[in-house]
Amino acid sequence: MIQSLRGMNDILSPDYERFEYFLETASRIAKRYGFHYIETPLLEETALFKRSVGESSDIVGKEMYQFIDKGENDVCLRPEGTAGVVRAFIQHKLDKKGGIHRFYYHGPMFRYERPQKGRLREFHQFGVESFGVESVYEDALMIMMIADILKALGIGYRLKLNSLGDQHCMPPYREKLVAFIESCGDAICEDCVRRKSTNPIRVLDCKNEKCQSLYVNAPKLIDNLCEGCESDFATLKTILDQHTIAYEIDTNLVRGLDYYSKTAFEFVSDNIGSQSAIAGGGRYDRLVEFLDGKPTPAVGFAIGIERLLELIVMPEPKREGYYLGAMDAESLPLVLKVAEALRKTQKAVVEYDPKKLQNHLKGADRINARYCAVIGENERNTDTVWVKDLEQKSETQIPMSQFI
Ligand code: HAM
């Protein structure tokens, strides 16, 4: 028997109802914040991710679904959504146009990771990207939007916050950090030795316990920010305080993608096991320029949908629409006609097998219909439909002409 690939799941009812409820909620909130939907391809040139997410990142270095297509193009399934949106932003010349452009998107992402609870090889993200706003108020807006989405879904969280500095304060900090890493000699792990030359700040989130105990004394980026970064970070904290959004400063939060500068944040849940990050994002002011666009400040985030599913508090299911059934085979054509008419405005589900009224009522209850409508010999003779309102518990005989 052929099975789905490891780390790639089918999503069917009742999970899909949760999935759909999440998308409806998150999309509604993103639209309220003035964001517009964007759809980008699942497959992109590999170079796009190498240049944006970064060659030194685990995502590009180890986890890409990369292959040469039949036209000899080096392509890869997108491991994340930001790079494609930035590419589209530049390709459609929105960088040249100027102004503010705000997008949201959702869809599958692919990372060849070791699957475990909460970590898939095909997973879904809901993300937003905002271009053209330099103000740190936009960073706060991102965080407030995630907080709104999680609140609407009844999900508790902790927010971790850091600043990764910019082109002024990051290079001198990097030098300090490299000097510190060198002072650790060969006590650090192999990965950190590699990171030292590719992207030193990534050592800070090394999972190796021995490395972590050494890095407790590492210089902290937050103590080495330039004036601009420090003042923006202070403003961000003030805005969050004013909106009573609690946060923890995590100086080791460096994110797994290389394009960030200044604000970086992660929302974590303590109720889903070790893969606890439910959303992550930050500012990436240099990325548009890196991908050959006109320099444009930008900030965004993505939520991992699968990680949220079991946390979502669903609203009480409401009875909805019609269940329709026939008491005898002769009545079925009429039932189909009534259903067709009803479907113009609402849900109408037909049971094809003629059965007794009691069994139809059970069927209507099973699908959580508001009304159970049944046609039998009596209804055919009187040109009516028998209808029970399962919420009000009332029954009526309604003229057929009211439906058709
Ligand atoms: P990321 O932190 O790599 O950021 O991913 C965002 C979220 O996707 C994570 O917090 C997590 O919930 C979920 N996620 C990541 N990997 C997996 C996986 N293997 N299985 C299940 N869920 C996963 C980004 O992707 C950035 N593009 C976010 C961003 C947008 N930054 C700026 N704009």
# chains A, B, ... in the order shown; residues from 1 in each chain; ligands from 1
call {"tool": "residues_near_ligand", "arguments": {"ligand": "ligand 1", "cutoff": "7 Å", "atoms": "only C-alpha atoms and all ligand atoms", "output": "PyMOL selection string"}}
result
chain A and resi 80-82+111+113+118-125+127-129+255-257+266+277-283+299-307
call {"tool": "write_last_selection", "arguments": {"atoms": "N, CA, C and O atoms", "output": "compact mmCIF listing (two decimals), in the first residue's frame"}}
result
# COMPACT_ATOMS: atom_id res chain seq x y z
N GLU A 80 9.82 28.51 3.03
CA GLU A 80 9.19 29.60 3.78
C GLU A 80 8.60 30.58 2.78
O GLU A 80 8.87 30.49 1.58
N GLY A 81 7.81 31.55 3.27
CA GLY A 81 7.06 32.39 2.34
C GLY A 81 7.64 33.76 2.04
O GLY A 81 7.33 34.36 1.00
N THR A 82 8.51 34.27 2.93
CA THR A 82 8.98 35.65 2.77
C THR A 82 9.73 35.88 1.46
O THR A 82 9.47 36.85 0.74
N ARG A 111 10.26 21.59 4.33
CA ARG A 111 11.62 21.55 4.90
C ARG A 111 11.94 20.10 5.20
O ARG A 111 11.18 19.43 5.90
N GLU A 113 13.25 18.21 7.35
CA GLU A 113 13.72 18.13 8.74
C GLU A 113 13.44 16.73 9.26
O GLU A 113 12.73 15.95 8.62
N GLY A 118 4.92 18.07 15.98
CA GLY A 118 5.01 19.52 15.73
C GLY A 118 6.05 19.90 14.69
O GLY A 118 6.21 21.07 14.38
N ARG A 119 6.79 18.90 14.17
CA ARG A 119 7.78 19.22 13.15
C ARG A 119 7.52 18.35 11.93
O ARG A 119 7.71 17.14 11.97
N LEU A 120 7.08 18.99 10.86
CA LEU A 120 6.70 18.25 9.65
C LEU A 120 7.63 18.61 8.50
O LEU A 120 8.38 19.57 8.59
N ARG A 121 7.55 17.81 7.44
CA ARG A 121 8.32 18.16 6.24
C ARG A 121 7.47 19.00 5.29
O ARG A 121 7.99 19.83 4.56
N GLU A 122 6.17 18.75 5.29
CA GLU A 122 5.26 19.69 4.64
C GLU A 122 4.38 20.27 5.73
O GLU A 122 3.70 19.51 6.43
N PHE A 123 4.43 21.57 5.92
CA PHE A 123 3.59 22.20 6.93
C PHE A 123 3.01 23.47 6.32
O PHE A 123 3.37 23.85 5.21
N HIS A 124 2.09 24.09 7.03
CA HIS A 124 1.40 25.26 6.48
C HIS A 124 1.65 26.49 7.33
O HIS A 124 1.65 26.41 8.55
N GLN A 125 1.86 27.57 6.65
CA GLN A 125 2.06 28.84 7.35
C GLN A 125 1.00 29.84 6.93
O GLN A 125 0.52 29.82 5.81
N GLY A 127 1.19 33.89 6.82
CA GLY A 127 2.20 34.92 7.02
C GLY A 127 1.75 36.28 6.53
O GLY A 127 0.78 36.39 5.76
N VAL A 128 2.42 37.31 6.99
CA VAL A 128 2.19 38.64 6.44
C VAL A 128 3.54 39.33 6.23
O VAL A 128 4.49 39.05 6.95
N GLU A 129 3.59 40.18 5.22
CA GLU A 129 4.81 40.95 4.93
C GLU A 129 4.37 42.38 4.65
O GLU A 129 3.44 42.61 3.89
N ARG A 255 16.78 33.68 15.53
CA ARG A 255 15.97 33.23 14.39
C ARG A 255 16.83 32.39 13.43
O ARG A 255 18.04 32.54 13.36
N GLY A 256 16.17 31.48 12.71
CA GLY A 256 16.91 30.54 11.87
C GLY A 256 17.11 31.02 10.44
O GLY A 256 17.52 30.25 9.59
N LEU A 257 16.77 32.26 10.16
CA LEU A 257 16.88 32.76 8.79
C LEU A 257 17.76 34.01 8.84
O LEU A 257 17.68 34.79 9.79
N GLU A 266 9.40 35.87 18.63
CA GLU A 266 8.83 34.54 18.51
C GLU A 266 7.72 34.39 19.53
O GLU A 266 7.87 34.83 20.68
N ALA A 277 7.56 26.86 19.18
CA ALA A 277 7.37 28.14 18.47
C ALA A 277 6.11 28.07 17.62
O ALA A 277 5.98 27.20 16.76
N ILE A 278 5.16 28.94 17.89
CA ILE A 278 3.94 28.94 17.08
C ILE A 278 3.95 30.05 16.03
O ILE A 278 3.21 30.00 15.06
N ALA A 279 4.80 31.04 16.22
CA ALA A 279 4.91 32.11 15.22
C ALA A 279 6.26 32.79 15.38
O ALA A 279 6.82 32.82 16.48
N GLY A 280 6.77 33.30 14.28
CA GLY A 280 8.05 34.01 14.36
C GLY A 280 8.14 35.04 13.27
O GLY A 280 7.48 34.94 12.23
N GLY A 281 8.94 36.06 13.54
CA GLY A 281 9.10 37.08 12.50
C GLY A 281 10.06 38.15 12.93
O GLY A 281 10.78 38.01 13.91
N GLY A 282 10.03 39.25 12.18
CA GLY A 282 10.90 40.36 12.50
C GLY A 282 11.09 41.27 11.30
O GLY A 282 10.45 41.11 10.26
N ARG A 283 12.01 42.21 11.48
CA ARG A 283 12.28 43.21 10.46
C ARG A 283 13.38 42.70 9.53
O ARG A 283 14.29 41.99 9.96
N VAL A 299 8.96 44.32 7.20
CA VAL A 299 8.81 43.54 8.42
C VAL A 299 7.67 42.54 8.22
O VAL A 299 6.76 42.80 7.43
N GLY A 300 7.75 41.39 8.88
CA GLY A 300 6.69 40.40 8.69
C GLY A 300 6.76 39.29 9.71
O GLY A 300 7.61 39.30 10.60
N PHE A 301 5.84 38.33 9.57
CA PHE A 301 5.85 37.17 10.46
C PHE A 301 5.16 36.00 9.79
O PHE A 301 4.48 36.18 8.77
N ALA A 302 5.34 34.82 10.34
CA ALA A 302 4.56 33.65 9.89
C ALA A 302 4.16 32.82 11.10
O ALA A 302 4.92 32.68 12.06
N ILE A 303 2.94 32.29 11.01
CA ILE A 303 2.40 31.41 12.06
C ILE A 303 2.42 29.98 11.51
O ILE A 303 2.09 29.77 10.34
N GLY A 304 2.84 29.02 12.31
CA GLY A 304 2.81 27.61 11.89
C GLY A 304 1.45 27.03 12.20
O GLY A 304 1.09 26.85 13.37
N ILE A 305 0.66 26.75 11.15
CA ILE A 305 -0.75 26.41 11.40
C ILE A 305 -0.90 25.07 12.14
O ILE A 305 -1.66 24.97 13.10
N GLU A 306 -0.14 24.04 11.72
CA GLU A 306 -0.29 22.72 12.37
C GLU A 306 -0.03 22.81 13.87
O GLU A 306 -0.68 22.12 14.65
N ARG A 307 0.94 23.63 14.25
CA ARG A 307 1.27 23.71 15.69
C ARG A 307 0.15 24.31 16.52
O ARG A 307 0.09 24.15 17.72
call {"tool": "residues_around", "arguments": {"residues": "Val75 in chain A", "least_positions_apart": "2", "cutoff": "10 Å", "atoms": "only C-alpha atoms", "output": "list in words"}}
result
Leu43, Glu44, Glu45, Thr46, Ala47, Leu48, Phe49, Met64, Tyr65, Gln66, Phe67, Ile68, Asp69, Glu72, Asn73, Leu77 and Arg78 of chain A
call {"tool": "residues_around", "arguments": {"residues": "range 218-221 of chain A", "least_positions_apart": "3", "cutoff": "8 Å", "atoms": "only C-alpha atoms", "output": "PyMOL selection string"}}
result
chain A and resi 163-165+170+173+176-177+180-181+214-215+224-225+251
call {"tool": "write_last_selection", "arguments": {"atoms": "N, CA and C atoms", "output": "PDB file, in the first residue's frame"}}
result
ATOM      1  N   SER A 163      16.510  42.318  19.708  1.00  0.00           N
ATOM      2  CA  SER A 163      16.888  43.169  18.583  1.00  0.00           C
ATOM      3  C   SER A 163      18.195  42.630  18.029  1.00  0.00           C
ATOM      4  N   LEU A 164      18.245  42.492  16.711  1.00  0.00           N
ATOM      5  CA  LEU A 164      19.451  41.935  16.076  1.00  0.00           C
ATOM      6  C   LEU A 164      20.361  43.024  15.520  1.00  0.00           C
ATOM      7  N   GLY A 165      20.034  44.288  15.837  1.00  0.00           N
ATOM      8  CA  GLY A 165      20.904  45.374  15.381  1.00  0.00           C
ATOM      9  C   GLY A 165      20.809  45.608  13.877  1.00  0.00           C
ATOM     10  N   MET A 170      25.709  45.755  14.073  1.00  0.00           N
ATOM     11  CA  MET A 170      25.943  44.314  13.974  1.00  0.00           C
ATOM     12  C   MET A 170      27.411  43.947  13.683  1.00  0.00           C
ATOM     13  N   TYR A 173      29.639  44.171  16.713  1.00  0.00           N
ATOM     14  CA  TYR A 173      29.218  43.149  17.682  1.00  0.00           C
ATOM     15  C   TYR A 173      29.713  41.778  17.218  1.00  0.00           C
ATOM     16  N   LYS A 176      33.232  41.223  18.159  1.00  0.00           N
ATOM     17  CA  LYS A 176      33.352  40.935  19.598  1.00  0.00           C
ATOM     18  C   LYS A 176      32.990  39.487  19.870  1.00  0.00           C
ATOM     19  N   LEU A 177      31.902  39.058  19.224  1.00  0.00           N
ATOM     20  CA  LEU A 177      31.406  37.694  19.471  1.00  0.00           C
ATOM     21  C   LEU A 177      32.405  36.653  18.960  1.00  0.00           C
ATOM     22  N   PHE A 180      35.108  36.276  21.296  1.00  0.00           N
ATOM     23  CA  PHE A 180      34.664  35.476  22.445  1.00  0.00           C
ATOM     24  C   PHE A 180      34.652  33.983  22.080  1.00  0.00           C
ATOM     25  N   ILE A 181      34.107  33.662  20.895  1.00  0.00           N
ATOM     26  CA  ILE A 181      34.020  32.251  20.492  1.00  0.00           C
ATOM     27  C   ILE A 181      35.436  31.667  20.409  1.00  0.00           C
ATOM     28  N   LEU A 214      28.785  27.633  27.991  1.00  0.00           N
ATOM     29  CA  LEU A 214      29.896  28.549  27.700  1.00  0.00           C
ATOM     30  C   LEU A 214      29.389  29.936  27.289  1.00  0.00           C
ATOM     31  N   TYR A 215      28.294  29.923  26.501  1.00  0.00           N
ATOM     32  CA  TYR A 215      27.829  31.192  25.918  1.00  0.00           C
ATOM     33  C   TYR A 215      27.079  32.081  26.908  1.00  0.00           C
ATOM     34  N   ASN A 224      24.928  46.051  22.918  1.00  0.00           N
ATOM     35  CA  ASN A 224      25.844  46.630  21.926  1.00  0.00           C
ATOM     36  C   ASN A 224      25.114  47.302  20.770  1.00  0.00           C
ATOM     37  N   LEU A 225      23.844  47.662  20.995  1.00  0.00           N
ATOM     38  CA  LEU A 225      23.066  48.277  19.914  1.00  0.00           C
ATOM     39  C   LEU A 225      23.505  49.726  19.695  1.00  0.00           C
ATOM     40  N   THR A 251      17.906  37.359  24.732  1.00  0.00           N
ATOM     41  CA  THR A 251      19.074  37.841  23.975  1.00  0.00           C
ATOM     42  C   THR A 251      19.648  36.756  23.064  1.00  0.00           C
TER      43      THR A 251
END
call {"tool": "select_by_dssp", "arguments": {"residues": "range 113-303 of chain A", "states": "strand (DSSP E)", "output": "PyMOL selection string"}}
result
chain A and resi 122-131+158-163+248-249+261-268+277-283+298-303
call {"tool": "write_last_selection", "arguments": {"atoms": "N, CA and C atoms", "output": "compact mmCIF listing (two decimals), in the first residue's frame"}}
result
# COMPACT_ATOMS: atom_id res chain seq x y z
N GLU A 122 6.17 18.75 5.29
CA GLU A 122 5.26 19.69 4.64
C GLU A 122 4.38 20.27 5.73
N PHE A 123 4.43 21.57 5.92
CA PHE A 123 3.59 22.20 6.93
C PHE A 123 3.01 23.47 6.32
N HIS A 124 2.09 24.09 7.03
CA HIS A 124 1.40 25.26 6.48
C HIS A 124 1.65 26.49 7.33
N GLN A 125 1.86 27.57 6.65
CA GLN A 125 2.06 28.84 7.35
C GLN A 125 1.00 29.84 6.93
N PHE A 126 0.68 30.72 7.86
CA PHE A 126 -0.07 31.93 7.55
C PHE A 126 0.92 33.07 7.82
N GLY A 127 1.19 33.89 6.82
CA GLY A 127 2.20 34.92 7.02
C GLY A 127 1.75 36.28 6.53
N VAL A 128 2.42 37.31 6.99
CA VAL A 128 2.19 38.64 6.44
C VAL A 128 3.54 39.33 6.23
N GLU A 129 3.59 40.18 5.22
CA GLU A 129 4.81 40.95 4.93
C GLU A 129 4.37 42.38 4.65
N SER A 130 5.08 43.32 5.26
CA SER A 130 4.75 44.73 5.07
C SER A 130 5.98 45.46 4.52
N PHE A 131 5.80 46.17 3.42
CA PHE A 131 6.92 46.88 2.78
C PHE A 131 6.71 48.39 2.83
N ARG A 158 3.56 32.92 25.10
CA ARG A 158 4.60 33.80 25.64
C ARG A 158 5.28 34.44 24.45
N LEU A 159 5.60 35.72 24.58
CA LEU A 159 6.25 36.43 23.47
C LEU A 159 7.70 36.69 23.83
N LYS A 160 8.60 36.25 22.95
CA LYS A 160 10.03 36.50 23.15
C LYS A 160 10.49 37.56 22.17
N LEU A 161 11.29 38.47 22.66
CA LEU A 161 11.66 39.63 21.87
C LEU A 161 13.17 39.84 21.90
N ASN A 162 13.72 40.28 20.78
CA ASN A 162 15.14 40.62 20.75
C ASN A 162 15.36 41.68 19.67
N SER A 163 16.51 42.32 19.71
CA SER A 163 16.89 43.17 18.58
C SER A 163 18.19 42.63 18.03
N GLU A 248 9.05 38.80 26.95
CA GLU A 248 10.31 38.50 27.65
C GLU A 248 11.42 38.86 26.68
N ILE A 249 12.48 39.48 27.19
CA ILE A 249 13.63 39.74 26.32
C ILE A 249 14.46 38.47 26.30
N SER A 261 17.09 41.98 10.62
CA SER A 261 17.86 43.04 11.31
C SER A 261 16.88 43.68 12.29
N LYS A 262 17.40 44.34 13.29
CA LYS A 262 16.55 44.99 14.30
C LYS A 262 15.59 43.99 14.96
N THR A 263 14.29 44.32 14.96
CA THR A 263 13.32 43.51 15.73
C THR A 263 13.25 42.04 15.29
N ALA A 264 13.36 41.15 16.28
CA ALA A 264 13.09 39.72 16.03
C ALA A 264 12.19 39.24 17.15
N PHE A 265 11.19 38.42 16.81
CA PHE A 265 10.29 37.95 17.87
C PHE A 265 9.81 36.53 17.59
N GLU A 266 9.40 35.87 18.63
CA GLU A 266 8.83 34.54 18.51
C GLU A 266 7.72 34.39 19.53
N PHE A 267 6.62 33.79 19.13
CA PHE A 267 5.54 33.45 20.05
C PHE A 267 5.68 31.97 20.34
N VAL A 268 5.69 31.61 21.62
CA VAL A 268 5.80 30.18 21.96
C VAL A 268 4.62 29.78 22.83
N ALA A 277 7.56 26.86 19.18
CA ALA A 277 7.37 28.14 18.47
C ALA A 277 6.11 28.07 17.62
N ILE A 278 5.16 28.94 17.89
CA ILE A 278 3.94 28.94 17.08
C ILE A 278 3.95 30.05 16.03
N ALA A 279 4.80 31.04 16.22
CA ALA A 279 4.91 32.11 15.22
C ALA A 279 6.26 32.79 15.38
N GLY A 280 6.77 33.30 14.28
CA GLY A 280 8.05 34.01 14.36
C GLY A 280 8.14 35.04 13.27
N GLY A 281 8.94 36.06 13.54
CA GLY A 281 9.10 37.08 12.50
C GLY A 281 10.06 38.15 12.93
N GLY A 282 10.03 39.25 12.18
CA GLY A 282 10.90 40.36 12.50
C GLY A 282 11.09 41.27 11.30
N ARG A 283 12.01 42.21 11.48
CA ARG A 283 12.28 43.21 10.46
C ARG A 283 13.38 42.70 9.53
N ALA A 298 11.20 46.61 5.56
CA ALA A 298 10.15 45.59 5.55
C ALA A 298 10.13 44.83 6.87
N VAL A 299 8.96 44.32 7.20
CA VAL A 299 8.81 43.54 8.42
C VAL A 299 7.67 42.54 8.22
N GLY A 300 7.75 41.39 8.88
CA GLY A 300 6.69 40.40 8.69
C GLY A 300 6.76 39.29 9.71
N PHE A 301 5.84 38.33 9.57
CA PHE A 301 5.85 37.17 10.46
C PHE A 301 5.16 36.00 9.79
N ALA A 302 5.34 34.82 10.34
CA ALA A 302 4.56 33.65 9.89
C ALA A 302 4.16 32.82 11.10
N ILE A 303 2.94 32.29 11.01
CA ILE A 303 2.40 31.41 12.06
C ILE A 303 2.42 29.98 11.51
call {"tool": "residues_around", "arguments": {"residues": "His36 in chain A", "least_positions_apart": "2", "cutoff": "7 Å", "atoms": "only C-alpha atoms", "output": "NGL selection string"}}
result
:A and (31 or 34 or 38 or 102-104)
call {"tool": "write_last_selection", "arguments": {"atoms": "N, CA, C and O atoms", "output": "PDB file, in the first residue's frame"}}
result
ATOM      1  N   LYS A  31      -7.045  41.340   7.071  1.00  0.00           N
ATOM      2  CA  LYS A  31      -7.728  42.305   6.209  1.00  0.00           C
ATOM      3  C   LYS A  31      -8.098  43.555   7.000  1.00  0.00           C
ATOM      4  O   LYS A  31      -8.017  44.672   6.492  1.00  0.00           O
ATOM      5  N   GLY A  34      -5.555  45.983   7.084  1.00  0.00           N
ATOM      6  CA  GLY A  34      -5.222  46.594   5.793  1.00  0.00           C
ATOM      7  C   GLY A  34      -4.295  45.766   4.916  1.00  0.00           C
ATOM      8  O   GLY A  34      -3.612  46.303   4.045  1.00  0.00           O
ATOM      9  N   ILE A  38      -1.791  37.654  -1.201  1.00  0.00           N
ATOM     10  CA  ILE A  38      -0.863  37.406  -2.309  1.00  0.00           C
ATOM     11  C   ILE A  38      -0.607  35.913  -2.390  1.00  0.00           C
ATOM     12  O   ILE A  38      -0.477  35.233  -1.373  1.00  0.00           O
ATOM     13  N   ARG A 102       1.130  46.032   1.810  1.00  0.00           N
ATOM     14  CA  ARG A 102       0.970  45.052   2.887  1.00  0.00           C
ATOM     15  C   ARG A 102       0.281  43.796   2.353  1.00  0.00           C
ATOM     16  O   ARG A 102      -0.820  43.870   1.792  1.00  0.00           O
ATOM     17  N   PHE A 103       0.939  42.650   2.539  1.00  0.00           N
ATOM     18  CA  PHE A 103       0.416  41.382   2.007  1.00  0.00           C
ATOM     19  C   PHE A 103       0.218  40.334   3.099  1.00  0.00           C
ATOM     20  O   PHE A 103       0.967  40.317   4.071  1.00  0.00           O
ATOM     21  N   TYR A 104      -0.766  39.453   2.881  1.00  0.00           N
ATOM     22  CA  TYR A 104      -0.827  38.238   3.702  1.00  0.00           C
ATOM     23  C   TYR A 104      -0.957  37.033   2.784  1.00  0.00           C
ATOM     24  O   TYR A 104      -1.363  37.175   1.614  1.00  0.00           O
TER      25      TYR A 104
END
call {"tool": "atom_distance", "arguments": {"atom1": "CA of Thr384 in chain A", "atom2": "CA of Ser401 in chain A"}}
result
8.0 Å
call {"tool": "select_by_dssp", "arguments": {"residues": "range 213-390 of chain A", "states": "alpha helix (DSSP H)", "output": "PyMOL selection string"}}
result
chain A and resi 213-215+227-242+287-290+305-309+332-342+357-366+377-382
call {"tool": "closest_atom_pairs", "arguments": {"of": "range 271-379 of chain A", "to": "range 19-24 of chain A", "cutoff": "8 Å", "atoms": "only C-alpha atoms", "output": "CSV"}}
result
residue,atom,partner,partner_atom,distance
A:Ile305,CA,A:Phe19,CA,7.4
A:Leu309,CA,A:Phe19,CA,6.7
A:Ile312,CA,A:Phe22,CA,7.9
A:Met314,CA,A:Tyr21,CA,7.9
call {"tool": "write_last_selection", "arguments": {"atoms": "N, CA, C and O atoms", "output": "mmCIF file, in the first residue's frame"}}
result
data_model
loop_
_atom_site.group_PDB
_atom_site.id
_atom_site.type_symbol
_atom_site.label_atom_id
_atom_site.label_comp_id
_atom_site.auth_asym_id
_atom_site.auth_seq_id
_atom_site.Cartn_x
_atom_site.Cartn_y
_atom_site.Cartn_z
ATOM 1 N N ILE A 305 0.664 26.755 11.153
ATOM 2 C CA ILE A 305 -0.755 26.410 11.395
ATOM 3 C C ILE A 305 -0.896 25.071 12.140
ATOM 4 O O ILE A 305 -1.656 24.967 13.098
ATOM 5 N N LEU A 309 -3.199 23.879 15.730
ATOM 6 C CA LEU A 309 -4.493 23.209 15.578
ATOM 7 C C LEU A 309 -5.068 22.686 16.879
ATOM 8 O O LEU A 309 -6.214 22.932 17.208
ATOM 9 N N ILE A 312 -6.528 25.400 19.341
ATOM 10 C CA ILE A 312 -7.655 26.277 18.999
ATOM 11 C C ILE A 312 -8.910 25.894 19.789
ATOM 12 O O ILE A 312 -9.276 24.730 19.855
ATOM 13 N N MET A 314 -12.550 25.907 19.557
ATOM 14 C CA MET A 314 -13.551 26.093 18.506
ATOM 15 C C MET A 314 -14.840 26.645 19.109
ATOM 16 O O MET A 314 -15.219 26.288 20.221
#
call {"tool": "residues_around", "arguments": {"residues": "Pro354 in chain A", "least_positions_apart": "3", "cutoff": "12 Å", "atoms": "only C-alpha atoms", "output": "ChimeraX atom specification"}}
result
/A:324-333,335,350-351,357-360,363,374-377
call {"tool": "atom_distance", "arguments": {"atom1": "CA of Pro200 in chain A", "atom2": "CA of Arg174 in chain A"}}
result
6.8 Å
call {"tool": "closest_residue", "arguments": {"among": "A:Ala83, A:Val133, A:Leu5, A:Val60", "to": "Thr296 in chain A", "atoms": "only C-alpha atoms"}}
result
A:Val133
call {"tool": "residues_around", "arguments": {"residues": "Lys237 in chain A", "least_positions_apart": "6", "cutoff": "10 Å", "atoms": "only C-alpha atoms", "output": "PyMOL selection string"}}
result
chain A and resi 140+161+231+243+245-247+249
call {"tool": "atom_distance", "arguments": {"atom1": "CA of Cys372 in chain A", "atom2": "CA of Val349 in chain A"}}
result
9.8 Å
